[in-house]
>>> print(open('query_11.csv').read())   # CSV, C-alpha atoms
chain,number,residue,atom,x,y,z
A,259,MET,CA,165.5,-264.2,103.7
A,260,ARG,CA,168.7,-264.8,101.9
A,261,ILE,CA,169.1,-266.4,98.4
A,262,LEU,CA,172.2,-267.6,96.6
A,263,ILE,CA,172.2,-267.3,92.8
A,264,VAL,CA,174.7,-269.4,90.9
A,265,GLU,CA,174.6,-268.1,87.4
A,266,ASP,CA,177.5,-267.5,85.0
A,267,GLU,CA,175.6,-265.2,82.6
A,268,LYS,CA,176.2,-261.8,84.3
A,269,LYS,CA,173.2,-260.1,82.6
A,270,MET,CA,170.8,-262.8,83.9
A,271,ALA,CA,172.4,-262.8,87.3
A,272,GLY,CA,172.1,-259.0,87.5
A,273,PHE,CA,168.4,-259.2,86.4
A,274,LEU,CA,167.7,-261.8,89.2
A,275,ASP,CA,169.7,-259.8,91.7
A,276,ARG,CA,167.8,-256.6,91.1
A,277,GLY,CA,164.4,-258.2,91.0
A,278,LEU,CA,164.9,-260.2,94.2
A,279,ARG,CA,166.4,-257.3,96.1
A,280,ALA,CA,163.3,-255.3,95.1
A,281,GLU,CA,161.2,-258.0,96.8
A,282,GLY,CA,163.2,-257.7,100.0
A,283,TYR,CA,165.5,-260.7,99.7
A,284,ALA,CA,169.2,-260.5,100.5
A,285,VAL,CA,171.1,-261.9,97.5
A,286,ASP,CA,174.6,-263.3,96.9
A,287,ILE,CA,175.9,-264.3,93.5
A,288,ALA,CA,178.4,-266.8,92.4
A,289,TYR,CA,179.5,-267.1,88.7
A,290,ASP,CA,180.7,-270.7,88.7
A,291,GLY,CA,180.0,-274.0,90.4
A,292,GLU,CA,183.1,-274.1,92.6
A,293,LYS,CA,182.4,-270.6,94.0
A,294,GLY,CA,178.7,-271.6,94.4
A,295,TRP,CA,179.8,-274.6,96.5
A,296,GLU,CA,182.1,-272.4,98.6
A,297,TYR,CA,179.2,-270.0,99.3
A,298,ALA,CA,176.7,-272.7,100.0
A,299,VAL,CA,178.8,-274.5,102.7
A,300,THR,CA,180.0,-271.3,104.4
A,301,ASN,CA,176.8,-269.3,104.6
A,302,GLU,CA,173.2,-270.0,105.6
A,303,TYR,CA,170.7,-269.6,102.7
A,304,ASP,CA,166.9,-270.0,102.5
A,305,VAL,CA,167.0,-270.9,98.8
A,306,LEU,CA,169.6,-271.7,96.1
A,307,ILE,CA,168.9,-270.8,92.5
A,308,LEU,CA,171.3,-272.8,90.2
A,309,ASP,CA,171.9,-272.6,86.5
A,310,TRP,CA,172.7,-275.9,84.9
A,311,MET,CA,175.5,-275.0,82.5
A,312,LEU,CA,178.2,-273.5,84.9
A,313,PRO,CA,182.0,-273.4,84.5
A,314,ARG,CA,184.1,-275.4,86.9
A,315,MET,CA,181.1,-277.5,88.2
A,316,SER,CA,177.7,-277.9,86.6
A,317,GLY,CA,174.6,-276.9,88.5
A,318,VAL,CA,173.4,-280.5,88.5
A,319,ASP,CA,176.7,-281.7,90.0
A,320,LEU,CA,176.6,-278.8,92.5
A,321,CYS,CA,173.1,-279.8,93.5
A,322,LYS,CA,174.1,-283.4,93.9
A,323,LYS,CA,177.2,-282.5,96.0
A,324,ILE,CA,175.1,-280.3,98.3
A,325,ARG,CA,172.6,-283.2,98.9
A,326,ASN,CA,175.4,-285.7,99.4
A,327,GLU,CA,176.6,-283.4,102.3
A,328,GLY,CA,173.1,-283.8,103.9
A,329,ARG,CA,172.2,-280.2,103.3
A,330,GLN,CA,168.4,-279.7,103.0
A,331,VAL,CA,168.3,-276.1,101.7
A,332,PRO,CA,165.6,-275.7,99.0
A,333,ILE,CA,167.1,-275.7,95.5
A,334,LEU,CA,165.6,-274.4,92.3
A,335,ILE,CA,167.3,-275.2,89.0
A,336,LEU,CA,166.8,-272.3,86.5
A,337,THR,CA,168.0,-273.3,83.0
A,338,ALA,CA,167.4,-273.2,79.3
A,339,ARG,CA,167.5,-277.0,79.2
A,340,ASP,CA,163.8,-277.9,78.8
A,341,THR,CA,163.5,-281.6,77.8
A,342,VAL,CA,161.7,-284.0,80.1
A,343,GLU,CA,164.9,-286.0,80.5
A,344,ASP,CA,166.7,-282.9,81.7
A,345,LYS,CA,164.0,-282.1,84.2
A,346,ILE,CA,164.0,-285.7,85.5
A,347,GLN,CA,167.8,-285.6,85.9
A,348,GLY,CA,167.7,-282.3,87.8
A,349,LEU,CA,164.9,-283.5,90.2
A,350,ASP,CA,166.6,-286.9,90.7
A,351,VAL,CA,169.8,-285.3,91.9
A,352,GLY,CA,167.9,-283.4,94.6
A,353,ALA,CA,166.5,-280.2,93.2
A,354,ASP,CA,163.1,-279.2,94.6
A,355,ASP,CA,161.9,-277.4,91.6
A,356,TYR,CA,162.9,-276.8,87.9
A,357,LEU,CA,162.1,-273.7,85.9
A,358,THR,CA,163.1,-273.2,82.3
A,359,LYS,CA,164.3,-270.0,80.6
A,360,PRO,CA,162.7,-267.8,79.3
A,361,PHE,CA,160.5,-267.4,82.4
A,362,SER,CA,158.1,-265.0,84.0
A,363,PHE,CA,159.6,-263.3,87.0
A,364,ASP,CA,156.3,-263.4,88.8
A,365,GLU,CA,156.3,-267.2,88.3
A,366,LEU,CA,159.8,-267.4,89.8
A,367,LEU,CA,158.6,-265.5,92.8
A,368,ALA,CA,155.6,-267.8,93.2
A,369,ARG,CA,157.8,-270.8,93.0
A,370,LEU,CA,160.2,-269.4,95.6
A,371,ARG,CA,157.3,-268.7,98.0
A,372,ALA,CA,156.1,-272.3,97.5
A,373,LEU,CA,159.6,-273.6,98.3
A,374,LEU,CA,159.8,-271.4,101.4
A,375,ARG,CA,156.5,-273.0,102.6
A,376,ARG,CA,157.7,-276.5,102.4
A,377,PRO,CA,158.3,-278.3,105.7
A,378,HIS,CA,161.9,-279.4,104.9
A,379,ARG,CA,163.2,-276.0,105.7
A,380,LEU,CA,165.2,-275.9,108.9
A,381,LYS,CA,163.1,-273.0,110.1
A,382,ASP,CA,159.8,-274.0,108.6
A,383,LYS,CA,157.5,-271.5,110.2
A,384,THR,CA,155.8,-269.2,107.8
A,385,VAL,CA,154.1,-267.2,110.6
A,386,LEU,CA,156.2,-265.8,113.5
A,387,GLU,CA,154.7,-264.4,116.7
A,388,CYS,CA,155.9,-262.3,119.6
A,389,GLY,CA,153.4,-261.3,122.1
A,390,THR,CA,150.7,-259.2,120.4
A,391,MET,CA,152.6,-259.1,117.1
A,392,THR,CA,152.2,-261.6,114.2
A,393,MET,CA,154.4,-261.7,111.1
A,394,ASP,CA,153.2,-263.6,108.0
A,395,LEU,CA,156.3,-264.4,105.9
A,396,ILE,CA,154.3,-265.4,102.8
A,397,LYS,CA,151.9,-262.5,102.7
A,398,ARG,CA,154.7,-260.3,104.1
A,399,ARG,CA,152.4,-258.6,106.6
A,400,VAL,CA,153.0,-257.6,110.2
A,401,VAL,CA,150.0,-257.1,112.4
A,402,VAL,CA,149.7,-255.8,116.0
A,403,GLU,CA,146.3,-256.4,117.6
A,404,GLY,CA,144.5,-256.4,114.3
A,405,GLU,CA,146.4,-253.3,112.9
A,406,GLU,CA,148.8,-253.8,110.0
A,407,ILE,CA,152.1,-252.1,110.4
A,408,ALA,CA,153.6,-250.8,107.2
A,409,LEU,CA,157.2,-251.9,106.8
A,410,SER,CA,159.7,-251.4,104.0
A,411,GLN,CA,161.3,-254.6,102.5
A,412,LYS,CA,164.5,-254.1,104.6
A,413,GLU,CA,162.6,-253.3,107.8
A,414,PHE,CA,160.5,-256.5,107.3
A,415,SER,CA,163.7,-258.6,106.7
A,416,LEU,CA,165.5,-257.1,109.7
A,417,LEU,CA,162.5,-257.7,112.0
A,418,GLU,CA,162.2,-261.3,110.7
A,419,TYR,CA,165.8,-262.0,111.5
A,420,LEU,CA,165.4,-260.6,115.0
A,421,LEU,CA,162.3,-262.7,115.6
A,422,ARG,CA,163.9,-265.9,114.4
A,423,HIS,CA,166.5,-265.3,117.1
A,424,GLU,CA,164.3,-263.9,119.8
A,425,GLY,CA,166.2,-263.6,123.1
A,426,GLU,CA,169.6,-264.1,121.4
A,427,VAL,CA,172.2,-261.5,120.9
A,428,VAL,CA,172.8,-261.2,117.1
A,429,SER,CA,175.9,-259.5,115.9
A,430,ARG,CA,176.0,-256.7,113.4
A,431,THR,CA,178.0,-259.0,111.1
A,432,ALA,CA,175.3,-261.7,111.3
A,433,ILE,CA,172.6,-259.1,110.6
A,434,ALA,CA,174.6,-257.7,107.6
A,435,GLU,CA,175.1,-261.2,106.1
A,436,HIS,CA,171.5,-262.3,106.5
A,437,VAL,CA,169.5,-259.1,105.8
A,438,TRP,CA,171.9,-257.5,103.3
A,439,ASP,CA,174.7,-259.6,101.6
A,440,LEU,CA,178.3,-260.6,101.7
A,441,HIS,CA,179.5,-257.2,100.5
A,442,PHE,CA,177.7,-255.0,103.0
A,443,ASP,CA,179.8,-253.2,105.5
A,444,PRO,CA,178.5,-254.1,109.0
A,445,MET,CA,180.4,-251.1,110.4
A,446,SER,CA,178.3,-248.6,108.5
A,447,ASN,CA,175.4,-246.9,110.4
A,448,THR,CA,172.8,-248.4,108.1
A,449,ILE,CA,171.8,-251.2,110.6
A,450,ASP,CA,171.4,-248.6,113.4
A,451,VAL,CA,169.2,-246.5,111.1
A,452,TYR,CA,166.9,-249.4,110.3
A,453,ILE,CA,166.8,-250.5,114.0
A,454,ASN,CA,165.6,-247.0,114.8
A,455,PHE,CA,163.0,-247.1,112.0
A,456,LEU,CA,161.6,-250.2,113.6
A,457,ARG,CA,161.6,-248.8,117.1
A,458,LYS,CA,159.8,-245.7,115.9
A,459,LYS,CA,157.1,-247.7,114.0
A,460,PHE,CA,156.4,-249.8,117.0
A,461,GLY,CA,157.0,-247.2,119.7
A,462,GLU,CA,153.3,-246.0,119.9
A,463,LYS,CA,151.8,-249.5,119.6
A,464,ASN,CA,150.6,-251.8,122.3
A,465,ILE,CA,153.5,-254.2,122.0
A,466,ASP,CA,155.2,-256.4,124.6
A,467,PHE,CA,158.7,-256.7,123.2
A,468,ARG,CA,161.6,-254.4,122.7
A,469,ILE,CA,164.8,-254.3,120.6
A,470,GLU,CA,167.8,-253.9,122.9
A,471,THR,CA,171.2,-252.6,121.9
A,472,VAL,CA,174.0,-254.8,123.3
A,473,ARG,CA,176.9,-252.4,123.3
A,474,GLY,CA,179.9,-253.5,121.3
A,475,THR,CA,178.1,-256.6,120.0
A,476,GLY,CA,174.7,-256.1,118.3
A,477,TYR,CA,171.0,-256.3,119.1
A,478,ARG,CA,168.5,-258.6,120.9
A,479,LEU,CA,164.8,-258.8,120.5
A,480,VAL,CA,163.3,-259.4,124.0
A,481,SER,CA,159.7,-260.4,124.8
A,482,GLU,CA,158.3,-258.6,127.9
A,483,LYS,CA,156.5,-261.8,128.9
>>> encode(input="query_11.csv", output="structure tokens")
Amino acid sequence: MRILIVEDEKKMAGFLDRGLRAEGYAVDIAYDGEKGWEYAVTNEYDVLILDWMLPRMSGVDLCKKIRNEGRQVPILILTARDTVEDKIQGLDVGADDYLTKPFSFDELLARLRALLRRPHRLKDKTVLECGTMTMDLIKRRVVVEGEEIALSQKEFSLLEYLLRHEGEVVSRTAIAEHVWDLHFDPMSNTIDVYINFLRKKFGEKNIDFRIETVRGTGYRLVSEK
């Protein structure tokens, strides 16, 4: 899953970046509202985290602009502004949740999980299935015929992306952007390494899908059924 953080305080942005990456999220960061708008309309995100006080465009104005464009991506406002009036204003312009600083990172993660469960997501499934395999996106578990398969955070995210595009050829660039971030080099061999990790972990299991390499393009997850 991919998250956009729009936060001008670099120390806070770095803290969020490190914490969310450790949880397996791909993260992009914008340090002002205009850049946040540019990222939000040119990339696909699962959640946006917006600070209120941003240079060039406030987080509230950015949220309003995104909603006026008809975009339904979940938005969390994360700010030091903590009055009831502030919260009402943020929610009224279209934010889905509002968390004040200072905050518990565990609470932030819980709120993100709650946003990802909401039905307004374009891809609102929280459990993905392919043959004998089941992937629970909230509990972050992959099970094949009752046996849990231990996956790293990146392996889980890569498999999720392939499952969401089952039967489709997904390019290395698309994988890089959705599983890693904007700055990842899709021409490195990292993607190939993680694809091989997945193949090995499922190779001895009773599965009815395979991950195909489409030469010169990318990969495709194909169900045997």
>>> residues_around(input="query_11.csv", residues="Tyr452 (chain A)", least_positions_apart="5", cutoff="9 Å", atoms="all atoms listed in the file", output="ChimeraX atom specification")
/A:412-413,416,447,457
>>> atom_distance(input="query_11.csv", atom1="CA of Tyr356 (chain A)", atom2="CA of Arg260 (chain A)")
19.3 Å
>>> residues_around(input="query_11.csv", residues="region 333-337 of chain A", least_positions_apart="4", cutoff="7 Å", atoms="all atoms listed in the file", output="count of residues only")
13
>>> closest_residue(input="query_11.csv", among="A:Ala338, A:Ile261, A:Ala408, A:Ile396", to="Pro360 (chain A)", atoms="all atoms listed in the file")
A:Ala338
>>> residues_around(input="query_11.csv", residues="Lys268 (chain A)", least_positions_apart="5", cutoff="10 Å", atoms="only C-alpha atoms", output="VMD selection string")
chain A and resid 273 to 274 287 to 289
>>> closest_residue(input="query_11.csv", among="A:Ala368, A:Met259, A:Val437, A:Met445", to="Thr384 (chain A)", atoms="all atoms listed in the file")
A:Met259
>>> atom_distance(input="query_11.csv", atom1="CA of Arg375 (chain A)", atom2="CA of Ile453 (chain A)")
27.2 Å
>>> residues_near_point(input="query_11.csv", point="(169.9, -284.8, 92.9)", cutoff="10 Å", atoms="all atoms listed in the file", output="list in words")
Val318, Asp319, Leu320, Cys321, Lys322, Lys323, Ile324, Arg325, Asn326, Ile333, Ile346, Gln347, Gly348, Leu349, Asp350, Val351, Gly352, Ala353 and Asp354 of chain A
>>> atom_distance(input="query_11.csv", atom1="CA of Val401 (chain A)", atom2="CA of Gly277 (chain A)")
25.8 Å
>>> axis_aligned_box(input="query_11.csv", around="region 332-337 of chain A", padding_each_side="5 Å", output="JSON")
{"center_x": 166.8, "center_y": -274.0, "center_z": 91.0, "size_x": 12.4, "size_y": 13.4, "size_z": 26.0}
>>> residues_near_point(input="query_11.csv", point="(173.9, -254.7, 94.9)", cutoff="9 Å", atoms="only C-alpha atoms", output="list of chain:residue names")
A:Gly272, A:Asp275, A:Arg276, A:Arg279, A:Val285, A:Asp286, A:Asp439, A:His441, A:Phe442
>>> closest_residue(input="query_11.csv", among="A:Gly282, A:Ser429, A:Leu366, A:Glu292", to="Asp266 (chain A)", atoms="all atoms listed in the file")
A:Glu292
>>> closest_residue(input="query_11.csv", among="A:Thr475, A:Ser316, A:Asn301, A:Thr390", to="Glu426 (chain A)", atoms="only C-alpha atoms")
A:Thr475
>>> decode(input="query_11.csv", residues="region 371-415 of chain A", atoms="N, CA and C atoms", output="PDB file, in the first residue's frame")
ATOM      1  N   ARG A 371      -5.285   1.861   9.464  1.00  0.00           N
ATOM      2  CA  ARG A 371      -5.950   0.583   9.193  1.00  0.00           C
ATOM      3  C   ARG A 371      -7.458   0.769   9.098  1.00  0.00           C
ATOM      4  N   ALA A 372      -8.009   1.619   9.963  1.00  0.00           N
ATOM      5  CA  ALA A 372      -9.454   1.881   9.920  1.00  0.00           C
ATOM      6  C   ALA A 372      -9.842   2.552   8.606  1.00  0.00           C
ATOM      7  N   LEU A 373      -9.033   3.510   8.145  1.00  0.00           N
ATOM      8  CA  LEU A 373      -9.326   4.177   6.873  1.00  0.00           C
ATOM      9  C   LEU A 373      -9.270   3.188   5.714  1.00  0.00           C
ATOM     10  N   LEU A 374      -8.325   2.278   5.762  1.00  0.00           N
ATOM     11  CA  LEU A 374      -8.171   1.312   4.673  1.00  0.00           C
ATOM     12  C   LEU A 374      -9.314   0.298   4.638  1.00  0.00           C
ATOM     13  N   ARG A 375     -10.013   0.155   5.761  1.00  0.00           N
ATOM     14  CA  ARG A 375     -11.162  -0.762   5.794  1.00  0.00           C
ATOM     15  C   ARG A 375     -12.429  -0.123   5.264  1.00  0.00           C
ATOM     16  N   ARG A 376     -12.457   1.191   5.143  1.00  0.00           N
ATOM     17  CA  ARG A 376     -13.702   1.869   4.776  1.00  0.00           C
ATOM     18  C   ARG A 376     -14.086   1.574   3.334  1.00  0.00           C
ATOM     19  N   PRO A 377     -15.382   1.447   3.067  1.00  0.00           N
ATOM     20  CA  PRO A 377     -15.840   1.029   1.741  1.00  0.00           C
ATOM     21  C   PRO A 377     -15.650   2.044   0.637  1.00  0.00           C
ATOM     22  N   HIS A 378     -15.250   3.307   0.969  1.00  0.00           N
ATOM     23  CA  HIS A 378     -15.116   4.275  -0.120  1.00  0.00           C
ATOM     24  C   HIS A 378     -13.805   4.110  -0.879  1.00  0.00           C
ATOM     25  N   ARG A 379     -12.944   3.199  -0.441  1.00  0.00           N
ATOM     26  CA  ARG A 379     -11.746   2.954  -1.228  1.00  0.00           C
ATOM     27  C   ARG A 379     -12.145   2.388  -2.585  1.00  0.00           C
ATOM     28  N   LEU A 380     -11.385   2.773  -3.611  1.00  0.00           N
ATOM     29  CA  LEU A 380     -11.670   2.267  -4.955  1.00  0.00           C
ATOM     30  C   LEU A 380     -11.498   0.772  -5.008  1.00  0.00           C
ATOM     31  N   LYS A 381     -10.528   0.269  -4.260  1.00  0.00           N
ATOM     32  CA  LYS A 381     -10.309  -1.169  -4.185  1.00  0.00           C
ATOM     33  C   LYS A 381     -10.523  -1.536  -2.728  1.00  0.00           C
ATOM     34  N   ASP A 382     -11.783  -1.795  -2.377  1.00  0.00           N
ATOM     35  CA  ASP A 382     -12.132  -1.835  -0.971  1.00  0.00           C
ATOM     36  C   ASP A 382     -12.009  -3.210  -0.337  1.00  0.00           C
ATOM     37  N   LYS A 383     -11.503  -4.193  -1.028  1.00  0.00           N
ATOM     38  CA  LYS A 383     -11.357  -5.503  -0.432  1.00  0.00           C
ATOM     39  C   LYS A 383     -10.248  -5.479   0.608  1.00  0.00           C
ATOM     40  N   THR A 384     -10.519  -6.098   1.743  1.00  0.00           N
ATOM     41  CA  THR A 384      -9.483  -6.232   2.758  1.00  0.00           C
ATOM     42  C   THR A 384      -8.974  -7.671   2.834  1.00  0.00           C
ATOM     43  N   VAL A 385      -9.623  -8.568   2.098  1.00  0.00           N
ATOM     44  CA  VAL A 385      -9.151  -9.947   1.976  1.00  0.00           C
ATOM     45  C   VAL A 385      -9.088 -10.281   0.492  1.00  0.00           C
ATOM     46  N   LEU A 386      -7.923 -10.690   0.029  1.00  0.00           N
ATOM     47  CA  LEU A 386      -7.731 -11.067  -1.365  1.00  0.00           C
ATOM     48  C   LEU A 386      -7.538 -12.573  -1.441  1.00  0.00           C
ATOM     49  N   GLU A 387      -8.079 -13.179  -2.491  1.00  0.00           N
ATOM     50  CA  GLU A 387      -7.975 -14.627  -2.644  1.00  0.00           C
ATOM     51  C   GLU A 387      -7.516 -14.986  -4.043  1.00  0.00           C
ATOM     52  N   CYS A 388      -6.754 -16.044  -4.121  1.00  0.00           N
ATOM     53  CA  CYS A 388      -6.350 -16.606  -5.406  1.00  0.00           C
ATOM     54  C   CYS A 388      -6.190 -18.108  -5.214  1.00  0.00           C
ATOM     55  N   GLY A 389      -7.170 -18.855  -5.680  1.00  0.00           N
ATOM     56  CA  GLY A 389      -7.131 -20.306  -5.500  1.00  0.00           C
ATOM     57  C   GLY A 389      -7.101 -20.679  -4.032  1.00  0.00           C
ATOM     58  N   THR A 390      -6.076 -21.415  -3.637  1.00  0.00           N
ATOM     59  CA  THR A 390      -5.970 -21.892  -2.257  1.00  0.00           C
ATOM     60  C   THR A 390      -5.340 -20.866  -1.325  1.00  0.00           C
ATOM     61  N   MET A 391      -4.956 -19.709  -1.837  1.00  0.00           N
ATOM     62  CA  MET A 391      -4.302 -18.692  -1.020  1.00  0.00           C
ATOM     63  C   MET A 391      -5.281 -17.593  -0.611  1.00  0.00           C
ATOM     64  N   THR A 392      -5.165 -17.156   0.639  1.00  0.00           N
ATOM     65  CA  THR A 392      -5.942 -16.032   1.157  1.00  0.00           C
ATOM     66  C   THR A 392      -4.986 -15.016   1.771  1.00  0.00           C
ATOM     67  N   MET A 393      -5.168 -13.745   1.417  1.00  0.00           N
ATOM     68  CA  MET A 393      -4.346 -12.670   1.972  1.00  0.00           C
ATOM     69  C   MET A 393      -5.246 -11.710   2.737  1.00  0.00           C
ATOM     70  N   ASP A 394      -5.001 -11.565   4.027  1.00  0.00           N
ATOM     71  CA  ASP A 394      -5.737 -10.619   4.876  1.00  0.00           C
ATOM     72  C   ASP A 394      -4.906  -9.352   4.983  1.00  0.00           C
ATOM     73  N   LEU A 395      -5.400  -8.259   4.391  1.00  0.00           N
ATOM     74  CA  LEU A 395      -4.633  -7.020   4.338  1.00  0.00           C
ATOM     75  C   LEU A 395      -4.570  -6.297   5.674  1.00  0.00           C
ATOM     76  N   ILE A 396      -5.553  -6.511   6.532  1.00  0.00           N
ATOM     77  CA  ILE A 396      -5.567  -5.835   7.826  1.00  0.00           C
ATOM     78  C   ILE A 396      -4.671  -6.575   8.821  1.00  0.00           C
ATOM     79  N   LYS A 397      -4.816  -7.882   8.897  1.00  0.00           N
ATOM     80  CA  LYS A 397      -3.972  -8.671   9.803  1.00  0.00           C
ATOM     81  C   LYS A 397      -2.596  -8.955   9.204  1.00  0.00           C
ATOM     82  N   ARG A 398      -2.461  -8.659   7.898  1.00  0.00           N
ATOM     83  CA  ARG A 398      -1.215  -8.865   7.167  1.00  0.00           C
ATOM     84  C   ARG A 398      -0.746 -10.319   7.301  1.00  0.00           C
ATOM     85  N   ARG A 399      -1.651 -11.211   6.923  1.00  0.00           N
ATOM     86  CA  ARG A 399      -1.381 -12.644   6.957  1.00  0.00           C
ATOM     87  C   ARG A 399      -1.688 -13.255   5.602  1.00  0.00           C
ATOM     88  N   VAL A 400      -0.854 -14.200   5.194  1.00  0.00           N
ATOM     89  CA  VAL A 400      -1.083 -14.967   3.981  1.00  0.00           C
ATOM     90  C   VAL A 400      -1.175 -16.432   4.382  1.00  0.00           C
ATOM     91  N   VAL A 401      -2.268 -17.073   3.973  1.00  0.00           N
ATOM     92  CA  VAL A 401      -2.518 -18.459   4.369  1.00  0.00           C
ATOM     93  C   VAL A 401      -2.781 -19.299   3.128  1.00  0.00           C
ATOM     94  N   VAL A 402      -2.164 -20.474   3.067  1.00  0.00           N
ATOM     95  CA  VAL A 402      -2.415 -21.442   2.009  1.00  0.00           C
ATOM     96  C   VAL A 402      -2.886 -22.733   2.664  1.00  0.00           C
ATOM     97  N   GLU A 403      -4.145 -23.102   2.422  1.00  0.00           N
ATOM     98  CA  GLU A 403      -4.752 -24.311   2.985  1.00  0.00           C
ATOM     99  C   GLU A 403      -4.504 -24.426   4.489  1.00  0.00           C
ATOM    100  N   GLY A 404      -4.758 -23.326   5.198  1.00  0.00           N
ATOM    101  CA  GLY A 404      -4.650 -23.335   6.647  1.00  0.00           C
ATOM    102  C   GLY A 404      -3.261 -23.085   7.192  1.00  0.00           C
ATOM    103  N   GLU A 405      -2.251 -23.040   6.336  1.00  0.00           N
ATOM    104  CA  GLU A 405      -0.873 -22.818   6.783  1.00  0.00           C
ATOM    105  C   GLU A 405      -0.457 -21.388   6.466  1.00  0.00           C
ATOM    106  N   GLU A 406       0.005 -20.674   7.503  1.00  0.00           N
ATOM    107  CA  GLU A 406       0.447 -19.304   7.290  1.00  0.00           C
ATOM    108  C   GLU A 406       1.835 -19.276   6.657  1.00  0.00           C
ATOM    109  N   ILE A 407       1.983 -18.427   5.644  1.00  0.00           N
ATOM    110  CA  ILE A 407       3.257 -18.274   4.956  1.00  0.00           C
ATOM    111  C   ILE A 407       3.918 -16.994   5.473  1.00  0.00           C
ATOM    112  N   ALA A 408       5.105 -17.123   6.033  1.00  0.00           N
ATOM    113  CA  ALA A 408       5.809 -15.959   6.584  1.00  0.00           C
ATOM    114  C   ALA A 408       6.417 -15.141   5.453  1.00  0.00           C
ATOM    115  N   LEU A 409       5.978 -13.884   5.348  1.00  0.00           N
ATOM    116  CA  LEU A 409       6.490 -12.977   4.333  1.00  0.00           C
ATOM    117  C   LEU A 409       7.055 -11.727   4.988  1.00  0.00           C
ATOM    118  N   SER A 410       8.110 -11.177   4.392  1.00  0.00           N
ATOM    119  CA  SER A 410       8.610  -9.884   4.848  1.00  0.00           C
ATOM    120  C   SER A 410       7.621  -8.808   4.431  1.00  0.00           C
ATOM    121  N   GLN A 411       7.817  -7.588   4.942  1.00  0.00           N
ATOM    122  CA  GLN A 411       6.916  -6.492   4.598  1.00  0.00           C
ATOM    123  C   GLN A 411       6.896  -6.240   3.098  1.00  0.00           C
ATOM    124  N   LYS A 412       8.065  -6.234   2.465  1.00  0.00           N
ATOM    125  CA  LYS A 412       8.118  -5.962   1.024  1.00  0.00           C
ATOM    126  C   LYS A 412       7.558  -7.122   0.216  1.00  0.00           C
ATOM    127  N   GLU A 413       7.807  -8.348   0.646  1.00  0.00           N
ATOM    128  CA  GLU A 413       7.224  -9.503  -0.043  1.00  0.00           C
ATOM    129  C   GLU A 413       5.706  -9.437   0.009  1.00  0.00           C
ATOM    130  N   PHE A 414       5.173  -9.079   1.166  1.00  0.00           N
ATOM    131  CA  PHE A 414       3.721  -8.963   1.316  1.00  0.00           C
ATOM    132  C   PHE A 414       3.173  -7.894   0.377  1.00  0.00           C
ATOM    133  N   SER A 415       3.815  -6.724   0.355  1.00  0.00           N
ATOM    134  CA  SER A 415       3.338  -5.624  -0.484  1.00  0.00           C
ATOM    135  C   SER A 415       3.418  -5.974  -1.963  1.00  0.00           C
TER     136      SER A 415
END
